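model-v9.tsv (TSV, C-alpha atoms) appears below.
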```tsv
chain	number	residue	atom	x	y	z
A	1	MET	CA	11.81	26.71	-1.22
A	2	SER	CA	13.71	26.67	2.05
A	3	GLU	CA	16.87	24.66	2.55
A	4	ASN	CA	14.84	22.05	4.42
A	5	ALA	CA	12.32	21.59	1.59
A	6	PRO	CA	13.99	20.75	-1.74
A	7	ALA	CA	11.74	21.69	-4.65
A	8	LEU	CA	12.33	18.62	-6.85
A	9	VAL	CA	12.41	15.23	-5.12
A	10	MET	CA	13.01	12.00	-7.02
A	11	GLY	CA	11.53	8.94	-5.31
A	12	PHE	CA	12.42	5.27	-5.70
A	13	GLU	CA	10.29	2.24	-4.79
A	14	SER	CA	11.51	-1.38	-4.97
A	15	SER	CA	10.16	-3.09	-1.87
A	16	CYS	CA	8.48	-6.03	-3.61
A	17	ASP	CA	7.72	-6.75	-7.27
A	18	GLU	CA	7.27	-3.29	-8.77
A	19	THR	CA	10.10	-0.96	-9.69
A	20	ALA	CA	9.05	2.68	-9.58
A	21	CYS	CA	10.51	6.15	-10.02
A	22	ALA	CA	8.77	9.53	-9.71
A	23	ILE	CA	9.54	13.24	-9.51
A	24	LEU	CA	7.52	15.49	-7.21
A	25	GLN	CA	7.69	19.28	-7.19
A	26	ASP	CA	7.12	21.29	-4.00
A	27	GLY	CA	5.52	18.33	-2.26
A	28	HIS	CA	2.31	18.26	-4.27
A	29	ARG	CA	2.85	18.57	-8.03
A	30	LEU	CA	3.64	15.23	-9.64
A	31	LEU	CA	5.80	15.87	-12.72
A	32	ALA	CA	6.40	12.26	-13.76
A	33	SER	CA	5.84	8.73	-12.48
A	34	GLN	CA	6.93	5.42	-13.98
A	35	ILE	CA	6.23	1.87	-12.79
A	36	ALA	CA	7.68	-1.36	-14.15
A	37	SER	CA	5.49	-4.27	-13.02
A	38	GLN	CA	6.80	-7.80	-12.58
A	39	VAL	CA	3.38	-9.46	-12.36
A	40	ASP	CA	3.79	-11.49	-15.54
A	41	GLU	CA	7.24	-12.67	-14.45
A	42	HIS	CA	5.98	-13.97	-11.10
A	43	ALA	CA	2.59	-15.26	-12.26
A	44	ARG	CA	4.14	-18.46	-13.57
A	45	PHE	CA	5.41	-19.20	-10.05
A	46	GLY	CA	2.09	-18.40	-8.36
A	47	GLY	CA	3.64	-15.63	-6.25
A	48	VAL	CA	6.63	-13.35	-5.84
A	49	VAL	CA	10.05	-15.05	-5.93
A	50	PRO	CA	12.46	-12.75	-4.03
A	51	GLU	CA	15.58	-13.54	-6.08
A	52	VAL	CA	13.71	-13.03	-9.34
A	53	ALA	CA	12.30	-9.74	-8.04
A	54	SER	CA	15.77	-8.44	-7.15
A	55	ARG	CA	17.16	-9.25	-10.60
A	56	GLN	CA	14.20	-7.61	-12.29
A	57	HIS	CA	14.70	-4.45	-10.22
A	58	LEU	CA	18.35	-4.33	-11.27
A	59	ALA	CA	17.41	-4.55	-14.93
A	60	ALA	CA	14.55	-2.04	-14.76
A	61	LEU	CA	15.67	0.73	-12.42
A	62	PHE	CA	18.00	2.95	-14.44
A	63	PRO	CA	16.03	2.74	-17.71
A	64	LEU	CA	13.05	3.79	-15.56
A	65	VAL	CA	15.01	6.76	-14.21
A	66	GLU	CA	15.77	7.86	-17.76
A	67	ARG	CA	12.11	7.62	-18.80
A	68	THR	CA	10.96	9.51	-15.70
A	69	LEU	CA	13.41	12.34	-16.37
A	70	ALA	CA	12.36	12.46	-20.02
A	71	ASP	CA	8.68	12.68	-19.05
A	72	ALA	CA	9.42	15.59	-16.71
A	73	GLN	CA	11.76	17.20	-19.26
A	74	LEU	CA	14.51	17.33	-16.64
A	75	THR	CA	18.03	16.02	-16.12
A	76	LEU	CA	19.56	14.44	-13.02
A	77	ALA	CA	21.33	17.74	-12.36
A	78	ASP	CA	17.90	19.36	-11.86
A	79	ILE	CA	16.93	17.02	-9.03
A	80	ASP	CA	17.30	18.60	-5.58
A	81	ALA	CA	17.03	15.48	-3.40
A	82	PHE	CA	16.41	11.74	-3.46
A	83	ALA	CA	13.96	9.64	-1.41
A	84	VAL	CA	13.90	5.85	-1.33
A	85	THR	CA	11.91	3.11	0.34
A	86	ARG	CA	14.23	1.50	2.87
A	87	ALA	CA	11.78	-0.74	4.81
A	88	PRO	CA	9.86	-2.98	5.12
A	89	GLY	CA	9.92	-5.44	2.22
A	90	LEU	CA	12.02	-8.07	0.47
A	91	ILE	CA	15.56	-7.31	1.58
A	92	GLY	CA	17.21	-7.98	-1.78
A	93	ALA	CA	14.65	-5.90	-3.63
A	94	LEU	CA	14.97	-3.01	-1.15
A	95	LEU	CA	18.76	-3.02	-1.47
A	96	VAL	CA	18.53	-2.36	-5.20
A	97	GLY	CA	16.60	0.88	-4.68
A	98	VAL	CA	18.60	1.97	-1.62
A	99	SER	CA	21.93	1.37	-3.37
A	100	ALA	CA	20.83	3.28	-6.48
A	101	ALA	CA	19.54	6.25	-4.48
A	102	LYS	CA	22.69	6.39	-2.36
A	103	ALA	CA	24.91	6.26	-5.44
A	104	LEU	CA	23.04	9.09	-7.18
A	105	ALA	CA	22.92	11.27	-4.08
A	106	PHE	CA	26.66	10.77	-3.48
A	107	ALA	CA	27.63	11.33	-7.12
A	108	LEU	CA	25.53	14.50	-7.42
A	109	ASP	CA	26.17	15.72	-3.85
A	110	LYS	CA	22.41	15.99	-3.19
A	111	PRO	CA	20.41	15.25	-0.02
A	112	LEU	CA	19.11	11.72	0.56
A	113	VAL	CA	16.39	10.39	2.85
A	114	GLY	CA	15.06	6.91	3.59
A	115	VAL	CA	11.32	6.30	3.79
A	116	ASN	CA	9.19	3.59	5.39
A	117	HIS	CA	6.92	1.90	2.84
A	118	LEU	CA	3.89	2.06	5.17
A	119	GLU	CA	4.48	5.74	5.87
A	120	ALA	CA	4.44	6.40	2.12
A	121	HIS	CA	1.16	4.49	1.65
A	122	LEU	CA	-0.46	6.40	4.51
A	123	LEU	CA	0.45	9.72	2.89
A	124	ALA	CA	-0.56	8.75	-0.67
A	125	ALA	CA	-4.00	10.36	-0.32
A	126	ARG	CA	-2.21	13.69	0.12
A	127	LEU	CA	-1.59	13.52	-3.64
A	128	LEU	CA	-5.33	14.00	-4.28
A	129	ALA	CA	-6.45	17.33	-5.72
A	130	SER	CA	-8.37	17.86	-2.46
A	131	PRO	CA	-6.22	16.06	0.11
A	132	PRO	CA	-7.38	15.11	3.61
A	133	ALA	CA	-6.49	17.45	6.44
A	134	PHE	CA	-4.63	16.09	9.45
A	135	PRO	CA	-5.34	14.20	11.61
A	136	TYR	CA	-6.97	11.20	9.96
A	137	LEU	CA	-7.36	7.45	10.37
A	138	GLY	CA	-5.35	5.50	7.84
A	139	LEU	CA	-6.41	1.95	6.97
A	140	ILE	CA	-3.50	0.33	5.17
A	141	VAL	CA	-4.40	-2.91	3.39
A	142	SER	CA	-1.92	-4.74	1.18
A	143	GLY	CA	-0.35	-8.11	0.48
A	144	GLY	CA	2.01	-7.77	3.41
A	145	HIS	CA	0.25	-5.40	5.79
A	146	THR	CA	-3.13	-4.72	7.36
A	147	ALA	CA	-3.14	-2.03	10.03
A	148	LEU	CA	-4.85	1.07	11.40
A	149	TYR	CA	-2.85	4.24	12.10
A	150	VAL	CA	-3.69	7.70	13.32
A	151	VAL	CA	-1.83	10.06	10.98
A	152	GLU	CA	-1.28	13.18	13.08
A	153	ASP	CA	0.71	15.01	10.42
A	154	GLY	CA	3.32	14.24	7.77
A	155	GLY	CA	5.69	12.81	10.34
A	156	ARG	CA	3.67	11.39	13.24
A	157	PHE	CA	1.95	8.02	12.96
A	158	THR	CA	0.35	6.08	15.82
A	159	LEU	CA	-0.35	2.38	15.37
A	160	LEU	CA	-3.81	1.41	16.66
A	161	GLY	CA	-4.24	-2.11	15.34
A	162	ASN	CA	-2.37	-4.67	13.27
A	163	THR	CA	-2.98	-8.08	11.76
A	164	ARG	CA	-2.21	-10.97	14.07
A	165	ASP	CA	-1.51	-13.38	11.22
A	166	ASP	CA	-2.18	-13.06	7.48
A	167	ALA	CA	-2.53	-9.65	5.86
A	168	ALA	CA	-5.77	-9.15	3.94
A	169	GLY	CA	-4.01	-9.13	0.58
A	170	GLU	CA	-2.14	-12.30	1.52
A	171	ALA	CA	-5.47	-13.97	2.31
A	172	PHE	CA	-6.81	-12.92	-1.11
A	173	ASP	CA	-3.77	-14.45	-2.82
A	174	LYS	CA	-3.96	-17.70	-0.82
A	175	VAL	CA	-7.69	-18.14	-1.39
A	176	ALA	CA	-7.23	-17.44	-5.09
A	177	LYS	CA	-4.60	-20.18	-5.17
A	178	LEU	CA	-7.02	-22.58	-3.44
A	179	LEU	CA	-9.57	-21.77	-6.13
A	180	GLY	CA	-7.11	-22.13	-8.98
A	181	LEU	CA	-7.48	-18.49	-10.02
A	182	GLY	CA	-3.79	-17.71	-10.31
A	183	TYR	CA	-1.73	-14.67	-9.30
A	184	PRO	CA	-2.33	-11.87	-8.41
A	185	GLY	CA	-5.24	-13.20	-6.40
A	186	GLY	CA	-6.93	-9.98	-5.36
A	187	ILE	CA	-7.77	-8.91	-8.89
A	188	ALA	CA	-8.89	-12.42	-9.88
A	189	ILE	CA	-11.23	-12.75	-6.89
A	190	GLU	CA	-12.70	-9.27	-7.36
A	191	ARG	CA	-13.49	-9.98	-11.01
A	192	MET	CA	-15.05	-13.35	-10.25
A	193	ALA	CA	-17.05	-11.89	-7.34
A	194	GLN	CA	-18.80	-9.37	-9.58
A	195	SER	CA	-21.30	-12.03	-10.70
A	196	GLY	CA	-21.59	-13.74	-7.32
A	197	ASP	CA	-23.83	-13.44	-4.26
A	198	PRO	CA	-21.91	-11.99	-1.28
A	199	ASP	CA	-24.43	-13.55	1.11
A	200	ALA	CA	-24.33	-17.04	-0.38
A	201	ILE	CA	-21.87	-18.45	2.19
A	202	ALA	CA	-21.54	-17.30	5.80
A	203	PHE	CA	-17.77	-17.13	6.15
A	204	PRO	CA	-16.54	-15.98	9.60
A	205	ARG	CA	-15.46	-12.50	10.72
A	206	ALA	CA	-12.67	-12.78	13.28
A	207	LEU	CA	-12.00	-10.56	16.32
A	208	LYS	CA	-15.46	-9.02	16.48
A	209	ALA	CA	-14.93	-7.87	20.07
A	210	LYS	CA	-14.63	-4.11	20.51
A	211	THR	CA	-11.73	-4.60	22.93
A	212	THR	CA	-9.23	-4.80	20.07
A	213	LEU	CA	-8.54	-2.99	16.81
A	214	ASP	CA	-6.43	-5.87	15.51
A	215	PHE	CA	-7.27	-7.97	12.45
A	216	SER	CA	-7.06	-11.68	11.70
A	217	PHE	CA	-7.56	-13.35	8.31
A	218	SER	CA	-5.98	-16.76	8.81
A	219	GLY	CA	-9.26	-18.22	10.09
A	220	LEU	CA	-11.15	-16.88	7.09
A	221	LYS	CA	-8.68	-18.51	4.74
A	222	THR	CA	-9.02	-21.80	6.67
A	223	ALA	CA	-12.82	-21.53	6.53
A	224	VAL	CA	-12.67	-21.29	2.73
A	225	ARG	CA	-10.39	-24.33	2.59
A	226	SER	CA	-12.75	-26.32	4.85
A	227	TYR	CA	-15.75	-25.28	2.77
A	228	LEU	CA	-14.06	-26.47	-0.41
A	229	GLN	CA	-13.43	-29.90	1.11
A	230	THR	CA	-17.18	-30.54	1.24
A	231	HIS	CA	-18.25	-28.18	-1.56
A	232	PRO	CA	-15.67	-28.39	-4.36
A	233	ALA	CA	-15.67	-25.29	-6.52
A	234	THR	CA	-17.43	-25.50	-9.87
A	235	PRO	CA	-17.75	-22.88	-12.62
A	236	GLU	CA	-21.26	-22.23	-11.30
A	237	SER	CA	-20.32	-21.88	-7.60
A	238	LEU	CA	-17.02	-20.03	-8.01
A	239	PRO	CA	-18.54	-16.51	-8.22
A	240	ASP	CA	-20.53	-17.04	-5.00
A	241	ILE	CA	-17.46	-18.38	-3.15
A	242	CYS	CA	-15.37	-15.40	-4.26
A	243	ALA	CA	-18.10	-12.87	-3.46
A	244	SER	CA	-18.72	-14.37	-0.01
A	245	PHE	CA	-15.01	-14.47	0.85
A	246	GLN	CA	-14.50	-10.90	-0.36
A	247	GLU	CA	-17.52	-9.73	1.64
A	248	ALA	CA	-16.17	-11.30	4.83
A	249	ALA	CA	-12.76	-9.66	4.36
A	250	VAL	CA	-14.20	-6.26	3.49
A	251	ASP	CA	-16.69	-6.38	6.37
A	252	ALA	CA	-13.89	-7.04	8.87
A	253	LEU	CA	-11.80	-4.17	7.48
A	254	VAL	CA	-14.63	-1.65	7.51
A	255	ARG	CA	-16.01	-2.70	10.91
A	256	LYS	CA	-12.66	-2.17	12.63
A	257	SER	CA	-12.17	1.14	10.83
A	258	VAL	CA	-15.53	2.43	12.06
A	259	GLN	CA	-14.69	1.22	15.55
A	260	ALA	CA	-11.37	3.12	15.49
A	261	LEU	CA	-12.99	6.29	14.12
A	262	LYS	CA	-15.50	6.31	16.96
A	263	GLN	CA	-13.06	5.42	19.71
A	264	HIS	CA	-10.53	8.08	18.69
A	265	ARG	CA	-13.09	10.66	17.56
A	266	LEU	CA	-11.58	11.11	14.12
A	267	GLN	CA	-13.46	12.80	11.30
A	268	ARG	CA	-11.52	11.51	8.29
A	269	LEU	CA	-10.83	8.00	6.97
A	270	VAL	CA	-8.14	7.32	4.37
A	271	LEU	CA	-7.69	4.01	2.55
A	272	ALA	CA	-4.17	2.98	1.57
A	273	GLY	CA	-2.30	0.01	0.10
A	274	GLY	CA	-2.91	-2.28	-2.85
A	275	VAL	CA	-6.17	-3.81	-1.55
A	276	ALA	CA	-7.54	-0.26	-1.21
A	277	ALA	CA	-8.03	-0.42	-4.98
A	278	ASN	CA	-10.72	-3.08	-4.42
A	279	THR	CA	-14.08	-1.69	-5.56
A	280	ARG	CA	-16.14	-3.47	-2.88
A	281	LEU	CA	-13.90	-2.14	-0.11
A	282	ARG	CA	-14.04	1.40	-1.50
A	283	GLU	CA	-17.84	1.26	-1.72
A	284	HIS	CA	-18.36	-0.16	1.77
A	285	ALA	CA	-15.85	2.19	3.41
A	286	SER	CA	-17.45	5.22	1.74
A	287	LYS	CA	-20.95	4.16	2.82
A	288	ALA	CA	-19.88	3.42	6.38
A	289	ALA	CA	-18.11	6.77	6.63
A	290	ARG	CA	-21.18	8.65	5.40
A	291	ARG	CA	-23.36	6.76	7.85
A	292	ILE	CA	-21.37	8.06	10.84
A	293	GLY	CA	-20.71	11.52	9.38
A	294	VAL	CA	-17.05	10.98	8.50
A	295	GLU	CA	-15.22	11.98	5.32
A	296	CYS	CA	-13.67	9.12	3.34
A	297	TYR	CA	-10.68	9.68	1.05
A	298	LEU	CA	-9.84	7.19	-1.69
A	299	PRO	CA	-6.49	7.62	-3.44
A	300	GLU	CA	-6.33	7.05	-7.18
A	301	ARG	CA	-6.11	3.31	-7.76
A	302	TRP	CA	-2.56	3.51	-9.08
A	303	HIS	CA	-1.58	5.42	-5.93
A	304	CYS	CA	-2.92	2.50	-3.87
A	305	THR	CA	-0.53	0.00	-5.41
A	306	ASP	CA	3.24	0.40	-4.96
A	307	ASN	CA	4.51	3.57	-6.62
A	308	ALA	CA	7.28	6.13	-6.19
A	309	ALA	CA	5.08	9.23	-6.10
A	310	MET	CA	4.08	8.42	-2.52
A	311	VAL	CA	7.74	7.76	-1.65
A	312	ALA	CA	8.75	11.16	-3.03
A	313	LEU	CA	5.97	12.77	-0.97
A	314	ALA	CA	7.00	11.00	2.25
A	315	GLY	CA	10.59	11.93	1.49
A	316	PHE	CA	9.61	15.57	0.96
A	317	GLU	CA	7.97	15.62	4.40
A	318	ARG	CA	11.12	14.23	6.01
A	319	LEU	CA	13.40	16.60	4.11
A	320	LYS	CA	11.17	19.50	5.14
A	321	ARG	CA	11.78	18.56	8.77
A	322	GLY	CA	15.51	18.73	8.13
A	323	GLU	CA	16.17	14.99	8.02
A	324	ARG	CA	19.10	13.71	5.96
A	325	ALA	CA	20.55	10.22	5.51
A	326	ASP	CA	24.23	9.46	5.08
A	327	ALA	CA	26.20	6.60	3.56
A	328	THR	CA	25.13	4.28	6.38
A	329	LEU	CA	21.51	4.21	5.14
A	330	ASN	CA	20.51	0.57	4.83
A	331	ALA	CA	17.49	-1.57	4.01
A	332	ALA	CA	15.43	-3.43	6.61
A	333	ALA	CA	13.08	-6.31	5.88
A	334	SER	CA	10.81	-5.58	8.85
A	335	GLU	CA	10.04	-2.20	10.40
A	336	HIS	CA	6.46	-1.27	11.31
A	337	ARG	CA	6.96	1.74	13.58
A	338	PHE	CA	8.32	4.96	12.13
```

As structure tokens - that is how I would like this structure written.
Amino acid sequence: MSENAPALVMGFESSCDETACAILQDGHRLLASQIASQVDEHARFGGVVPEVASRQHLAALFPLVERTLADAQLTLADIDAFAVTRAPGLIGALLVGVSAAKALAFALDKPLVGVNHLEAHLLAARLLASPPAFPYLGLIVSGGHTALYVVEDGGRFTLLGNTRDDAAGEAFDKVAKLLGLGYPGGIAIERMAQSGDPDAIAFPRALKAKTTLDFSFSGLKTAVRSYLQTHPATPESLPDICASFQEAAVDALVRKSVQALKQHRLQRLVLAGGVAANTRLREHASKAARRIGVECYLPERWHCTDNAAMVALAGFERLKRGERADATLNAAASEHRF
């Protein structure tokens, strides 16, 4: 490999409640990937507690590094460069990963690069055996983000539309809490919706006008709350409520994606982010893409949720362009343009 493209990149991810480490070879061959989930730790609180997340990252990170190296049958001395998520996310959680990556890069005198979490999600589909060619439309849907980007190549991203309030994943979590389904809400609602009628309740779809590619899910969440005030959930009605809410959220996501594909004359749609693992969304997006003659790419489900393989890939792209970070690399809680 050239000097600007280190062969073995170790990636770190610690932006929220999952600690992850991965090793990527030559930008496409994943040698090892480990994820330590904190779901059980945060479930008792009904959501992610930032201080708890930071402490869990501290405890998990270096044992995870050891397991990742063992899986790849490598040592730290074999690693050519380090990539780490530096923004956006929980600041304390991000600092754990950034500090660890900086320490290793300094101690081993190896290149270091910081990566934006959204950038990594948008490139995750490039880990598929048959990856999408550039350019493509990336729909990123997670607990903290819902946005549409044109991905021109591995380093150029143009924001087309963003959420004006709640992210889609946040709406799933909040509605699940209203329904007493616990955390994480997205999985709970999807499971419950499997036996429900998606047309049972006409929940609203916000921002239908074609003048914007933005999203809004706060009104949908409020509509569910209002419905429950006059129609309290019962074991019999719960599946229909979940299915109808999920359908409204998915419909809004797919409709705006189709609108963006047509307006910008793009031939490829890529789903990204934790909510992209949702079966209903994957089905609807695939059908809508086929209907308008567009290819739809669905990353492996574990590449939709937070992982370090996508961070290593995004880092590889930056390193290939000659980027390097120094000791001033720092974490940022909010950064949506990159």

Inset, instruction - Please provide as a PyMOL selection string all residues within 9 Å of stretch 152-168 of chain A, with the sequence filter that same-chain residues fewer than 5 positions apart are discarded (counting all atoms listed in the file). - result: chain A and resi 119+122-123+133-137+141-147+173+212-218+221+249-250+253+256+260+275+314+317-318+321+336-338

Could the centre and edge lengths of an axis-aligned box, enclosing all atoms of stretch 129-148 of chain A in the file with 6 Å extra on each side, be given in Å to one decimal as AutoDock Vina command-line options?
```
--center_x -3.2 --center_y 4.9 --center_z 2.9 --size_x 22.4 --size_y 38.0 --size_z 29.3
```

Env of A:Ser37: 8 Å cut, atoms = all atoms listed in the file, seq-sep filter 6 positions within chain, self excluded. Answer as a tab-separated table (two decimals) with C-alpha atoms, in the frame of the given file.
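Now in around03.tsv:
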```tsv
chain	number	residue	atom	x	y	z
A	17	ASP	CA	7.72	-6.75	-7.27
A	18	GLU	CA	7.27	-3.29	-8.77
A	19	THR	CA	10.10	-0.96	-9.69
```

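Among A:Ala125, A:Ala276, A:Leu261, A:Leu228, the residue with the shortest atom-to-atom distance to A:His28, counting only C-alpha atoms, is A:Ala125.
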
Legend entry - Residue nearest A:His303 among A:Ala193, A:Ala272, A:Leu139, A:Ile23 (counting all atoms listed in the file): A:Ala272

Legend entry - Among listed residues A:Glu13, A:Glu300, A:Glu335, A:Asp306, nearest A:Ala129 (using only C-alpha atoms): A:Glu300

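Between A:Leu220 and the candidates A:Ala103, A:Leu313, A:Ala248, A:Leu238, the tightest atom-to-atom separation, counting all atoms listed in the file, involves A:Ala248.
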
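In this structure, atom CA of A:Cys304 sits 11.8 Å away from atom CA of A:Leu128.
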
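Each of A:Gly180, A:Pro50, A:Gly315, A:Gly322 was compared to A:Arg86 using only C-alpha atoms, and A:Gly315 turns out to be the nearest.
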
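Proximity of A:Asp251, A:Asp197, A:Asp240, A:Glu41 to A:Val224, computed with only C-alpha atoms, is greatest for A:Asp240.
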
Inset, instruction - Show which residues sit within 12 Å of A:Arg324, as a PyMOL selection string. Count all atoms listed in the file, and ignore same-chain residues fewer than 3 positions away. - result: chain A and resi 3-6+81-84+102+105+110-115+315-321+327-329

Restricting it to C-alpha atoms, dump the selection as a PDB file, in the frame of the given file.
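Result saved to result-v4.pdb:
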```pdb
ATOM      1  CA  GLU A   3      16.870  24.660   2.550  1.00  0.00           C
ATOM      2  CA  ASN A   4      14.840  22.050   4.420  1.00  0.00           C
ATOM      3  CA  ALA A   5      12.320  21.590   1.590  1.00  0.00           C
ATOM      4  CA  PRO A   6      13.990  20.750  -1.740  1.00  0.00           C
ATOM      5  CA  ALA A  81      17.030  15.480  -3.400  1.00  0.00           C
ATOM      6  CA  PHE A  82      16.410  11.740  -3.460  1.00  0.00           C
ATOM      7  CA  ALA A  83      13.960   9.640  -1.410  1.00  0.00           C
ATOM      8  CA  VAL A  84      13.900   5.850  -1.330  1.00  0.00           C
ATOM      9  CA  LYS A 102      22.690   6.390  -2.360  1.00  0.00           C
ATOM     10  CA  ALA A 105      22.920  11.270  -4.080  1.00  0.00           C
ATOM     11  CA  LYS A 110      22.410  15.990  -3.190  1.00  0.00           C
ATOM     12  CA  PRO A 111      20.410  15.250  -0.020  1.00  0.00           C
ATOM     13  CA  LEU A 112      19.110  11.720   0.560  1.00  0.00           C
ATOM     14  CA  VAL A 113      16.390  10.390   2.850  1.00  0.00           C
ATOM     15  CA  GLY A 114      15.060   6.910   3.590  1.00  0.00           C
ATOM     16  CA  VAL A 115      11.320   6.300   3.790  1.00  0.00           C
ATOM     17  CA  GLY A 315      10.590  11.930   1.490  1.00  0.00           C
ATOM     18  CA  PHE A 316       9.610  15.570   0.960  1.00  0.00           C
ATOM     19  CA  GLU A 317       7.970  15.620   4.400  1.00  0.00           C
ATOM     20  CA  ARG A 318      11.120  14.230   6.010  1.00  0.00           C
ATOM     21  CA  LEU A 319      13.400  16.600   4.110  1.00  0.00           C
ATOM     22  CA  LYS A 320      11.170  19.500   5.140  1.00  0.00           C
ATOM     23  CA  ARG A 321      11.780  18.560   8.770  1.00  0.00           C
ATOM     24  CA  ALA A 327      26.200   6.600   3.560  1.00  0.00           C
ATOM     25  CA  THR A 328      25.130   4.280   6.380  1.00  0.00           C
ATOM     26  CA  LEU A 329      21.510   4.210   5.140  1.00  0.00           C
TER      27      LEU A 329
END
```

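Those residues positioned at most 10 Å from (-15.2, 7.2, 0.8) are Arg268, Leu269, Val270, Leu271, Leu281, Arg282, Glu283, His284, Ala285, Ser286, Lys287, Ala288, Ala289, Arg290, Val294, Glu295, Cys296, Tyr297, Leu298 and Pro299 of chain A, judged using only C-alpha atoms.
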
Inset, instruction - Work out how far atom CA of A:Leu104 is from atom CA of A:Arg126, in Å to one decimal. - result: 26.7 Å

Inset, instruction - Write out as an MDAnalysis selection string which residues come within 10 Å of A:Ala233 when counting all atoms listed in the file, dropping same-chain ones fewer than 6 positions away. - result: chainID A and resid 178:180 227 239:241

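Relative to atom CA of A:Asp40, atom CA of A:Asp71 is found at 24.9 Å.
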
Inset, instruction - May I have the residues within 10 Å of A:Pro184 as a PyMOL selection string, using all atoms listed in the file and disregarding those fewer than 3 positions away in the same chain? - result: chain A and resi 39-40+42-43+46-48+143+169-170+172-174+176-177+181+187-189
